[in-house]
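> Below is the file target10.cif, which contains mmCIF, C-alpha atoms.
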```
data_upload
#
loop_
_atom_site.label_atom_id
_atom_site.label_comp_id
_atom_site.auth_asym_id
_atom_site.auth_seq_id
_atom_site.Cartn_x
_atom_site.Cartn_y
_atom_site.Cartn_z
CA MET A 1 0.00 0.00 0.00
CA LYS A 2 1.32 3.45 -0.89
CA TYR A 3 0.85 6.77 0.81
CA PRO A 4 1.27 9.24 -2.05
CA ASN A 5 0.69 12.31 0.04
CA GLY A 6 3.82 11.69 2.01
CA SER A 7 7.41 11.52 0.87
CA ASN A 8 6.88 12.19 -2.83
CA LYS A 9 6.28 15.88 -2.32
CA VAL A 10 9.99 16.25 -1.70
CA TYR A 11 10.73 14.90 -5.15
CA ASN A 12 8.09 17.04 -6.83
CA ASN A 13 9.83 20.18 -5.63
CA LYS A 14 13.28 19.03 -6.71
CA ILE A 15 14.48 20.18 -10.11
CA SER A 16 16.89 17.68 -11.54
CA THR A 17 18.09 16.66 -14.99
CA SER A 18 18.69 13.12 -13.76
CA ASN A 19 15.87 10.74 -12.95
CA ARG A 20 18.02 8.70 -10.64
CA GLY A 21 16.66 8.75 -7.13
CA MET A 22 13.20 9.83 -8.25
CA THR A 23 10.40 7.47 -7.36
CA LEU A 24 8.48 5.85 -10.18
CA GLU A 25 5.38 7.69 -9.01
CA SER A 26 7.12 11.08 -9.22
CA GLN A 27 8.39 10.31 -12.71
CA LEU A 28 4.94 9.18 -13.88
CA ASN A 29 3.31 12.27 -12.39
CA GLN A 30 5.82 14.55 -14.15
CA THR A 31 5.31 12.63 -17.39
CA ASN A 32 1.52 12.85 -17.14
CA THR A 33 1.72 16.58 -16.44
CA TYR A 34 3.90 16.94 -19.55
CA TYR A 35 1.36 14.96 -21.62
CA LEU A 36 -1.48 17.10 -20.24
CA ASN A 37 0.22 20.47 -20.79
CA ASN A 38 1.21 19.52 -24.33
CA ASP A 39 -2.24 18.18 -25.29
CA ILE A 40 -0.86 14.68 -25.82
CA ALA A 41 -3.02 12.77 -23.33
CA VAL A 42 -5.25 13.22 -20.28
CA ILE A 43 -3.97 10.68 -17.74
CA TYR A 44 -4.17 11.10 -13.96
CA LYS A 45 -3.24 9.18 -10.87
CA LYS A 46 -6.42 8.46 -8.96
CA PRO A 47 -6.65 9.72 -5.39
CA THR A 48 -5.84 7.04 -2.81
CA PRO A 49 -9.13 5.57 -1.60
CA ILE A 50 -9.85 6.05 2.10
CA THR A 51 -12.75 5.47 4.44
CA VAL A 52 -13.56 8.52 6.51
CA ASN A 53 -14.62 7.65 10.06
CA GLU A 54 -14.72 11.05 11.76
CA VAL A 55 -14.75 14.66 10.67
CA SER A 56 -14.61 17.91 12.58
CA TYR A 57 -16.35 21.04 11.25
CA HIS A 58 -14.26 24.14 11.86
CA SER A 59 -16.39 26.15 9.47
CA LYS A 60 -18.53 25.43 6.41
CA LYS A 61 -15.46 25.53 4.20
CA ASP A 62 -12.97 23.98 6.59
CA VAL A 63 -13.80 20.36 7.29
CA VAL A 64 -10.99 18.41 8.94
CA ILE A 65 -10.95 14.61 8.72
CA THR A 66 -9.96 13.44 12.19
CA LYS A 67 -10.13 9.69 11.61
CA ALA A 68 -9.81 7.72 8.39
CA HIS A 69 -8.28 4.52 7.04
CA TYR A 70 -6.58 3.61 3.79
CA ILE A 71 -8.53 0.94 1.93
CA VAL A 72 -7.28 -1.63 -0.55
CA PRO A 73 -7.99 -0.22 -4.02
CA SER A 74 -10.38 -2.23 -6.21
CA THR A 75 -8.99 -0.74 -9.40
CA THR A 76 -5.64 0.60 -10.56
CA ASP A 77 -3.72 3.79 -9.80
CA TYR A 78 -3.73 5.42 -13.23
CA ASN A 79 -6.26 5.85 -16.00
CA GLY A 80 -7.07 8.26 -18.76
CA LEU A 81 -7.40 9.02 -22.42
CA TYR A 82 -4.82 8.93 -25.22
CA LYS A 83 -5.71 9.59 -28.89
CA GLY A 84 -9.26 8.33 -28.38
CA SER A 85 -8.18 5.23 -26.43
CA TYR A 86 -8.92 4.43 -22.81
CA VAL A 87 -5.63 3.68 -21.01
CA ASP A 88 -5.40 2.00 -17.57
CA PHE A 89 -2.41 0.78 -15.60
CA GLU A 90 -0.86 -0.05 -12.26
CA ALA A 91 2.71 1.05 -11.44
CA LYS A 92 4.99 -0.70 -8.95
CA GLU A 93 8.56 -0.46 -7.77
CA THR A 94 10.50 -3.44 -6.53
CA ARG A 95 13.96 -3.72 -4.95
CA LYS A 96 14.10 -7.42 -5.75
CA GLU A 97 15.44 -9.12 -8.87
CA TYR A 98 11.95 -10.30 -9.67
CA PHE A 99 8.43 -8.88 -9.42
CA PRO A 100 6.52 -10.47 -6.52
CA LEU A 101 2.94 -11.14 -7.61
CA ALA A 102 1.87 -10.29 -4.05
CA ASN A 103 2.54 -6.64 -5.07
CA ILE A 104 -0.56 -6.65 -7.24
CA HIS A 105 -4.00 -7.61 -5.95
CA GLN A 106 -6.14 -10.19 -7.70
CA HIS A 107 -8.99 -7.66 -8.10
CA GLN A 108 -6.55 -5.29 -9.82
CA ILE A 109 -5.61 -8.04 -12.31
CA ASN A 110 -9.33 -8.69 -12.87
CA HIS A 111 -9.82 -4.97 -13.48
CA LEU A 112 -6.96 -4.85 -16.04
CA GLU A 113 -8.52 -7.84 -17.82
CA LYS A 114 -11.96 -6.18 -17.87
CA ILE A 115 -10.38 -3.16 -19.57
CA ILE A 116 -9.00 -5.34 -22.38
CA ASN A 117 -12.36 -7.09 -22.78
CA ASN A 118 -14.16 -3.73 -23.06
CA GLY A 119 -11.88 -2.36 -25.78
CA GLY A 120 -9.33 -0.42 -23.73
CA LEU A 121 -5.55 -0.65 -23.33
CA SER A 122 -4.14 -1.89 -20.01
CA PHE A 123 -0.76 -2.90 -18.61
CA ILE A 124 1.53 -2.74 -15.61
CA ILE A 125 4.66 -0.62 -15.29
CA VAL A 126 7.36 -2.13 -13.07
CA ARG A 127 10.54 -0.39 -11.95
CA PHE A 128 13.43 -2.67 -10.94
CA VAL A 129 15.27 -0.30 -8.62
CA ILE A 130 18.51 -2.31 -8.37
CA ILE A 131 19.16 -2.13 -12.12
CA ASN A 132 17.33 1.20 -12.57
CA GLU A 133 15.18 -0.17 -15.40
CA THR A 134 11.46 0.29 -15.94
CA TYR A 135 9.33 -2.08 -18.00
CA LEU A 136 5.83 -1.99 -19.42
CA LEU A 137 4.16 -5.41 -19.46
CA PRO A 138 0.83 -5.70 -21.33
CA THR A 139 -2.02 -7.33 -19.39
CA ASN A 140 -2.24 -10.34 -21.74
CA LYS A 141 1.45 -11.11 -21.03
CA LEU A 142 0.90 -10.73 -17.29
CA ILE A 143 -2.03 -13.15 -17.40
CA LYS A 144 -0.10 -15.54 -19.68
CA PHE A 145 2.65 -15.76 -17.04
CA ILE A 146 0.20 -16.36 -14.19
CA ASN A 147 -1.65 -19.07 -16.12
CA ASN A 148 1.51 -20.91 -17.18
CA ASN A 149 3.50 -20.73 -13.95
CA THR A 150 3.18 -21.78 -10.35
CA ARG A 151 5.83 -19.23 -9.31
CA LYS A 152 4.76 -16.37 -7.11
CA SER A 153 7.03 -13.87 -8.83
CA ILE A 154 7.92 -12.82 -12.37
CA PRO A 155 11.66 -12.75 -13.17
CA ILE A 156 13.21 -9.70 -14.89
CA ALA A 157 13.99 -11.95 -17.87
CA TYR A 158 10.26 -12.30 -18.58
CA PHE A 159 9.86 -8.51 -18.63
CA LYS A 160 12.82 -8.23 -21.02
CA GLN A 161 11.34 -10.91 -23.28
CA GLU A 162 7.61 -10.11 -23.26
CA GLY A 163 7.55 -6.50 -22.06
CA PHE A 164 9.03 -3.23 -23.24
CA LEU A 165 11.83 -1.21 -21.68
CA ILE A 166 10.73 2.40 -21.03
CA LYS A 167 13.77 4.59 -21.54
CA ASP A 168 14.52 7.44 -19.17
CA GLY A 169 14.30 10.80 -20.86
CA TYR A 170 14.29 14.50 -20.08
CA LEU A 171 10.94 15.68 -21.45
CA PRO A 172 8.90 13.67 -20.92
CA ASN A 173 10.56 11.88 -18.09
CA LEU A 174 9.30 8.39 -18.79
CA ASP A 175 7.71 8.31 -22.23
CA TYR A 176 5.52 5.23 -21.83
CA LEU A 177 3.02 6.39 -24.47
CA LYS A 178 5.59 5.52 -27.16
CA ILE A 179 5.01 1.91 -26.13
CA VAL A 180 1.25 2.41 -25.89
CA ASP A 181 1.45 3.38 -29.59
CA ILE A 182 2.82 -0.12 -30.29
CA LEU A 183 0.00 -1.71 -28.25
CA LYS A 184 -2.56 0.39 -30.18
CA GLU A 185 -1.12 -0.75 -33.53
CA ARG A 186 -1.20 -4.40 -32.48
CA LYS A 187 -4.78 -4.06 -31.28
CA ASN A 188 -5.86 -2.43 -34.56
CA GLU A 189 -4.12 -5.17 -36.56
CA LYS A 190 -6.11 -7.77 -34.63
CA ILE A 191 -9.39 -5.93 -35.21
CA ASN A 192 -8.85 -5.12 -38.91
CA MET B 1 -18.11 19.62 -2.06
CA LYS B 2 -19.43 16.13 -1.34
CA TYR B 3 -18.55 13.64 1.35
CA PRO B 4 -19.34 10.31 -0.29
CA ASN B 5 -18.34 8.18 2.66
CA GLY B 6 -21.12 9.57 4.78
CA SER B 7 -24.85 9.34 4.34
CA ASN B 8 -24.91 7.30 1.13
CA LYS B 9 -24.06 4.07 2.88
CA VAL B 10 -27.56 4.04 4.27
CA TYR B 11 -28.98 4.06 0.76
CA ASN B 12 -26.60 1.38 -0.51
CA ASN B 13 -27.96 -1.06 2.05
CA LYS B 14 -31.59 -0.25 1.32
CA ILE B 15 -33.38 -2.45 -1.19
CA SER B 16 -36.11 -0.49 -2.87
CA THR B 17 -38.01 -0.65 -6.13
CA SER B 18 -38.44 3.13 -6.09
CA ASN B 19 -35.59 5.51 -6.74
CA ARG B 20 -37.33 8.34 -4.97
CA GLY B 21 -35.32 9.53 -2.02
CA MET B 22 -32.09 8.00 -3.29
CA THR B 23 -29.28 10.41 -3.93
CA LEU B 24 -28.00 10.79 -7.46
CA GLU B 25 -24.66 9.40 -6.31
CA SER B 26 -26.28 6.25 -4.90
CA GLN B 27 -28.22 5.72 -8.11
CA LEU B 28 -25.12 6.19 -10.26
CA ASN B 29 -23.11 3.82 -8.07
CA GLN B 30 -25.81 1.14 -8.33
CA THR B 31 -26.02 1.70 -12.09
CA ASN B 32 -22.24 1.45 -12.52
CA THR B 33 -22.16 -1.75 -10.45
CA TYR B 34 -24.89 -3.16 -12.71
CA TYR B 35 -22.87 -2.18 -15.82
CA LEU B 36 -19.74 -3.76 -14.33
CA ASN B 37 -21.39 -7.03 -13.24
CA ASN B 38 -23.09 -7.42 -16.62
CA ASP B 39 -19.93 -6.67 -18.66
CA ILE B 40 -21.52 -3.57 -20.18
CA ALA B 41 -18.99 -0.95 -19.06
CA VAL B 42 -16.20 -0.32 -16.53
CA ILE B 43 -17.07 3.03 -14.93
CA TYR B 44 -16.12 4.04 -11.38
CA LYS B 45 -16.51 7.01 -9.11
CA LYS B 46 -13.05 8.28 -8.25
CA PRO B 47 -12.13 8.45 -4.58
CA THR B 48 -12.54 11.92 -3.09
CA PRO B 49 -9.14 13.61 -3.14
CA ILE B 50 -7.74 14.52 0.26
CA THR B 51 -4.49 15.83 1.65
CA VAL B 52 -3.22 13.74 4.53
CA ASN B 53 -1.57 15.84 7.25
CA GLU B 54 -1.04 13.32 10.04
CA VAL B 55 -1.08 9.56 10.38
CA SER B 56 -0.76 7.27 13.35
CA TYR B 57 0.82 3.81 12.98
CA HIS B 58 -1.04 1.23 15.06
CA SER B 59 0.71 -1.60 13.24
CA LYS B 60 2.23 -2.14 9.79
CA LYS B 61 -1.20 -2.96 8.39
CA ASP B 62 -3.26 -0.55 10.46
CA VAL B 63 -2.44 3.03 9.60
CA VAL B 64 -4.97 5.57 10.88
CA ILE B 65 -5.18 9.00 9.28
CA THR B 66 -5.57 11.41 12.17
CA LYS B 67 -5.63 14.68 10.23
CA ALA B 68 -6.60 15.30 6.61
CA HIS B 69 -8.45 17.83 4.47
CA TYR B 70 -10.73 17.53 1.47
CA ILE B 71 -9.24 19.25 -1.56
CA VAL B 72 -11.01 20.74 -4.56
CA PRO B 73 -10.91 18.10 -7.32
CA SER B 74 -9.05 19.06 -10.50
CA THR B 75 -10.97 16.54 -12.58
CA THR B 76 -14.44 14.99 -12.48
CA ASP B 77 -16.04 12.40 -10.24
CA TYR B 78 -16.62 9.59 -12.73
CA ASN B 79 -14.67 8.07 -15.57
CA GLY B 80 -14.32 4.78 -17.35
CA LEU B 81 -14.66 2.70 -20.45
CA TYR B 82 -17.73 1.84 -22.53
CA LYS B 83 -17.54 -0.17 -25.78
CA GLY B 84 -14.00 1.05 -26.46
CA SER B 85 -14.81 4.70 -25.65
CA TYR B 86 -13.42 6.75 -22.80
CA VAL B 87 -16.33 8.24 -20.81
CA ASP B 88 -15.95 11.09 -18.28
CA PHE B 89 -18.55 13.08 -16.37
CA GLU B 90 -19.46 15.14 -13.34
CA ALA B 91 -22.76 14.57 -11.51
CA LYS B 92 -24.57 17.19 -9.46
CA GLU B 93 -27.84 17.53 -7.61
CA THR B 94 -29.62 20.84 -7.21
CA ARG B 95 -32.71 21.82 -5.22
CA LYS B 96 -33.16 24.96 -7.27
CA GLU B 97 -35.13 25.42 -10.49
CA TYR B 98 -31.89 26.08 -12.33
CA PHE B 99 -28.35 24.74 -12.26
CA PRO B 100 -25.98 27.22 -10.58
CA LEU B 101 -22.71 27.30 -12.51
CA ALA B 102 -20.93 27.79 -9.18
CA ASN B 103 -21.64 24.07 -8.61
CA ILE B 104 -19.04 23.14 -11.18
CA HIS B 105 -15.44 24.39 -11.04
CA GLN B 106 -13.78 26.05 -14.01
CA HIS B 107 -10.98 23.45 -13.98
CA GLN B 108 -13.60 20.71 -14.17
CA ILE B 109 -15.11 22.36 -17.27
CA ASN B 110 -11.60 22.62 -18.76
CA HIS B 111 -11.10 18.92 -18.02
CA LEU B 112 -14.38 17.95 -19.73
CA GLU B 113 -13.32 20.00 -22.77
CA LYS B 114 -9.88 18.33 -22.87
CA ILE B 115 -11.66 14.95 -22.97
CA ILE B 116 -13.62 15.97 -26.06
CA ASN B 117 -10.46 17.32 -27.74
CA ASN B 118 -8.63 14.03 -27.09
CA GLY B 119 -11.34 11.84 -28.61
CA GLY B 120 -13.37 10.91 -25.51
CA LEU B 121 -17.00 11.41 -24.51
CA SER B 122 -17.81 13.83 -21.69
CA PHE B 123 -20.88 15.43 -20.15
CA ILE B 124 -22.55 16.48 -16.91
CA ILE B 125 -25.48 14.74 -15.25
CA VAL B 126 -27.75 17.07 -13.27
CA ARG B 127 -30.60 16.01 -10.98
CA PHE B 128 -33.32 18.58 -10.35
CA VAL B 129 -34.59 17.32 -7.02
CA ILE B 130 -37.80 19.41 -6.92
CA ILE B 131 -39.15 17.86 -10.13
CA ASN B 132 -37.30 14.53 -9.65
CA GLU B 133 -35.80 14.69 -13.14
CA THR B 134 -32.24 13.91 -14.19
CA TYR B 135 -30.64 15.27 -17.35
CA LEU B 136 -27.46 14.52 -19.27
CA LEU B 137 -25.97 17.62 -20.90
CA PRO B 138 -23.08 17.06 -23.36
CA THR B 139 -19.98 19.20 -22.76
CA ASN B 140 -20.32 21.10 -26.04
CA LYS B 141 -23.82 22.23 -24.99
CA LEU B 142 -22.55 23.24 -21.54
CA ILE B 143 -19.80 25.35 -23.11
CA LYS B 144 -22.21 26.78 -25.68
CA PHE B 145 -24.40 28.05 -22.85
CA ILE B 146 -21.48 29.58 -20.94
CA ASN B 147 -20.13 31.31 -24.08
CA ASN B 148 -23.50 32.75 -25.11
CA ASN B 149 -24.82 33.86 -21.73
CA THR B 150 -23.85 36.17 -18.91
CA ARG B 151 -26.17 34.28 -16.52
CA LYS B 152 -24.57 32.39 -13.65
CA SER B 153 -27.06 29.52 -13.85
CA ILE B 154 -28.56 27.27 -16.51
CA PRO B 155 -32.38 27.04 -16.48
CA ILE B 156 -34.11 23.63 -16.61
CA ALA B 157 -35.54 24.65 -20.01
CA TYR B 158 -32.04 24.58 -21.50
CA PHE B 159 -31.51 21.02 -20.21
CA LYS B 160 -34.86 19.98 -21.71
CA GLN B 161 -33.95 21.56 -25.05
CA GLU B 162 -30.26 20.69 -25.45
CA GLY B 163 -29.82 17.79 -23.03
CA PHE B 164 -31.39 14.37 -22.58
CA LEU B 165 -33.76 13.17 -19.87
CA ILE B 166 -32.42 10.03 -18.17
CA LYS B 167 -35.42 7.92 -17.23
CA ASP B 168 -35.58 6.19 -13.86
CA GLY B 169 -35.55 2.43 -14.18
CA TYR B 170 -35.27 -0.69 -12.10
CA LEU B 171 -32.21 -2.43 -13.55
CA PRO B 172 -30.17 -0.45 -14.21
CA ASN B 173 -31.33 2.32 -11.97
CA LEU B 174 -30.37 5.26 -14.16
CA ASP B 175 -29.47 3.99 -17.63
CA TYR B 176 -27.36 6.93 -18.84
CA LEU B 177 -25.37 4.76 -21.28
CA LYS B 178 -28.44 4.68 -23.54
CA ILE B 179 -27.81 8.38 -24.06
CA VAL B 180 -24.06 7.87 -24.39
CA ASP B 181 -24.94 5.60 -27.36
CA ILE B 182 -26.54 8.63 -29.03
CA LEU B 183 -23.44 10.77 -28.31
CA LYS B 184 -21.21 8.00 -29.79
CA GLU B 185 -23.32 7.87 -32.95
CA ARG B 186 -23.18 11.64 -33.38
CA LYS B 187 -19.41 11.63 -32.85
CA ASN B 188 -18.92 8.86 -35.44
CA GLU B 189 -21.10 10.74 -37.93
CA LYS B 190 -18.87 13.79 -37.54
CA ILE B 191 -15.68 11.75 -38.00
CA ASN B 192 -16.88 9.66 -40.97
#
```
Give the structure from the file, written as C-alpha cells.


Amino acid sequence: MKYPNGSNKVYNNKISTSNRGMTLESQLNQTNTYYLNNDIAVIYKKPTPITVNEVSYHSKKDVVITKAHYIVPSTTDYNGLYKGSYVDFEAKETRKEYFPLANIHQHQINHLEKIINNGGLSFIIVRFVIINETYLLPTNKLIKFINNNTRKSIPIAYFKQEGFLIKDGYLPNLDYLKIVDILKERKNEKIN
Amino acid sequence: MKYPNGSNKVYNNKISTSNRGMTLESQLNQTNTYYLNNDIAVIYKKPTPITVNEVSYHSKKDVVITKAHYIVPSTTDYNGLYKGSYVDFEAKETRKEYFPLANIHQHQINHLEKIINNGGLSFIIVRFVIINETYLLPTNKLIKFINNNTRKSIPIAYFKQEGFLIKDGYLPNLDYLKIVDILKERKNEKIN
C-alpha cells in the first residue's frame, strides 16, 4: 500500500536533470503533467481511496478529517485518455530481482482484464530499482505468465522478453506512451 | 463539495423498487455496479481527493489517518470505459429550479473539454430534485451556454432543449449509457 501524500512531495519540488533517485510515481506524475500540458493525453493518478470515520467542522469551508483509514484499491492507480483510447495501468517499484505477484491484488488483475475485454488498453509498469530499469508489461502477457506458472514472482527476464523497456528521458521523463502506440497498432491489426 | 463516505451508505444497504429519495450518487453507483457485473462498461466514481496531514501507525497494516483535508478536485467524479470509448462526467444535484454554474469548477469544465479534444465522450449529469428529473448535458452544450450567456445559472428549459432526460428504471437504476450511445453515434457521424 502506498501513501502518495507523504514523501513524494519532496521529489516534486526538486528540479533535476537526472531521474536517478526519483520514485516511479514522481516520474509518472511529471510525465503525465507533460502529456497534459502539451495536449498529448489526459492521464491522472487516482486519489488514494480512504474510508472517513470522523470529521470535525471548523467552518462550512474547513472540514478536517480526524479519523480515516486507507482501503485496498479495487482498481488501478492510473487511468485516462490517449488519442481516443482508454488507457489504464498499475505502477509498482521493486527492490528485488523479480516482481513479486503479491505486489498486485487479484482484483486489480481482474480490473486490467476487464479493460482489455471492453476495448481499452491496459498494462503494468514495473521499476526494478537495483538495475534502474522500468518495463511496461501488457495485461495479456501478465495473465499468460500467471496461467503458465506456479511461481509467485515474475523474473526480470520475462519482462525483457515479453515486455518493453521504457527509456529514461528528459521531457517527458518516462515516455511510456511511445510503447502504448505499439499496443494500439497491435490491437488495430487484430481488429482489422 | 461532497462527502461520499457519509450518508450514502444508508442508501446502498436499502433495497427499494423506487428511486425516490435515493441520492444521485447512490443511483449512479448502483447503475455502474450493474454495468460492471453485466460486462456492459467499466465506470467508477473516483475516490474523493484529500491531503493527509497526520497519520498514526497502530501496526504495519493498520495506519490511521488522524488529520486530513478535502481538496477541490481538478478533474471529475466519474470516468471509465464503454464499448472502447473513454467516458468522463461530473454529476450534481440541485434543489433549485436552475443549475448554478458555481456548482461546477472552471478546472472541471476545462477537463471535460480536454476529454472531447482528445477523442473521448464527456458530459454532466444534473438532478433537479424538486421535479425529480435527471438530465445529461453534453460538454459542447454546456460550453455553448457559458459562451453565449452572462447568466450564472442554466435554467431547466435549457436542459430539456439541449440535453437528454435520463429515465428512472429498475435495472439499471439510471441507464445513462443509452444516451451515451446517441453521443457516440453523433461523434462517429462527424468523424466519418

> Pick out the closest residue to chain A from this set: B:Ala102, B:Met22, B:Ala91, B:Leu121. Count only C-alpha atoms.

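Going through B:Ala102, B:Met22, B:Ala91, B:Leu121 one by one, the smallest distance to chain A is for B:Leu121.
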
> Give as a list in words every residue of chain B that touches chain A within 6 Å, counting all atoms listed in the file.

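Therefore, the residues near the partner are Pro47, Pro49, Val64, Ile65, Thr66, Lys67, Ala68, His69, Lys83, Gly84, Tyr86, Asn118, Gly119 and Gly120 of chain B.
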
> Can you list, as a ChimeraX atom specification, every protein, DNA or RNA residue that comes within 9 Å of stretch 176-188 of chain B when you count all atoms listed in the file, leaving out same-chain residues fewer than 2 positions away?

/B:28,31,41,82,85,87,121,125,136,138,164-167,174,190-192

> What is the distance, in Å and to one decimal place, between atom CA of B:Leu171 and atom CA of B:Phe123?

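These two atoms are separated by 22.2 Å.
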
> For the file shown, what are the residues hit by the PyMOL selection byres ((chain A and resi 160) around 12), laid out as a list in words?

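When the PyMOL selection byres ((chain A and resi 160) around 12) is applied, the selected residues are Tyr98, Val126, Phe128, Glu133, Thr134, Tyr135, Leu136, Leu137, Lys141, Ile154, Pro155, Ile156, Ala157, Tyr158, Phe159, Gln161, Glu162, Gly163, Phe164, Leu165 and Ile166 of chain A.
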
> For the point (9.7, 2.7, -10.1) in the file's frame, write as an NGL selection string all residues with an atom no more than 6 Å away, counting all atoms listed in the file.

:A and (23-24 or 92-93 or 127)

> Work out how far apart atom CA of B:Ser26 and atom CA of B:Ser153 are and give it in Å to one decimal.

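Separation of atom CA of B:Ser26 and atom CA of B:Ser153: 24.9 Å.
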
> Enclose stretch 129-132 of chain B, meaning all of its atoms listed in the file, in a box aligned along x, y and z, pad it by 3 Å on each side, and list the centre and edge lengths in Å to one decimal, as lines of an AutoDock Vina configuration file.


```
center_x = -36.9
center_y = 17.0
center_z = -8.5
size_x = 10.6
size_y = 10.9
size_z = 9.2
```

> Enumerate, as a PDB file with C-alpha atoms, in the frame of the given file, the residues matched when the PyMOL selection byres ((chain B and resi 107) around 10) is run on the file above.


```pdb
ATOM      1  CA  VAL B  72     -11.010  20.740  -4.560  1.00  0.00           C
ATOM      2  CA  PRO B  73     -10.910  18.100  -7.320  1.00  0.00           C
ATOM      3  CA  SER B  74      -9.050  19.060 -10.500  1.00  0.00           C
ATOM      4  CA  THR B  75     -10.970  16.540 -12.580  1.00  0.00           C
ATOM      5  CA  THR B  76     -14.440  14.990 -12.480  1.00  0.00           C
ATOM      6  CA  ILE B 104     -19.040  23.140 -11.180  1.00  0.00           C
ATOM      7  CA  HIS B 105     -15.440  24.390 -11.040  1.00  0.00           C
ATOM      8  CA  GLN B 106     -13.780  26.050 -14.010  1.00  0.00           C
ATOM      9  CA  GLN B 108     -13.600  20.710 -14.170  1.00  0.00           C
ATOM     10  CA  ILE B 109     -15.110  22.360 -17.270  1.00  0.00           C
ATOM     11  CA  ASN B 110     -11.600  22.620 -18.760  1.00  0.00           C
ATOM     12  CA  HIS B 111     -11.100  18.920 -18.020  1.00  0.00           C
ATOM     13  CA  LEU B 112     -14.380  17.950 -19.730  1.00  0.00           C
ATOM     14  CA  GLU B 113     -13.320  20.000 -22.770  1.00  0.00           C
TER      15      GLU B 113
END
```

> Could you check how far atom CA of B:Ile43 sits from atom CA of B:Glu97, in Å to one decimal?

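Rounded to one decimal, the two atoms are 29.1 Å apart.
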
> Ranking A:Asp77, A:Pro172, A:Asn32, A:Leu101 by minimum distance to A:Phe145 and counting all atoms listed in the file, which one comes first?

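Using all atoms listed in the file, the shortest distance to A:Phe145 belongs to A:Leu101.
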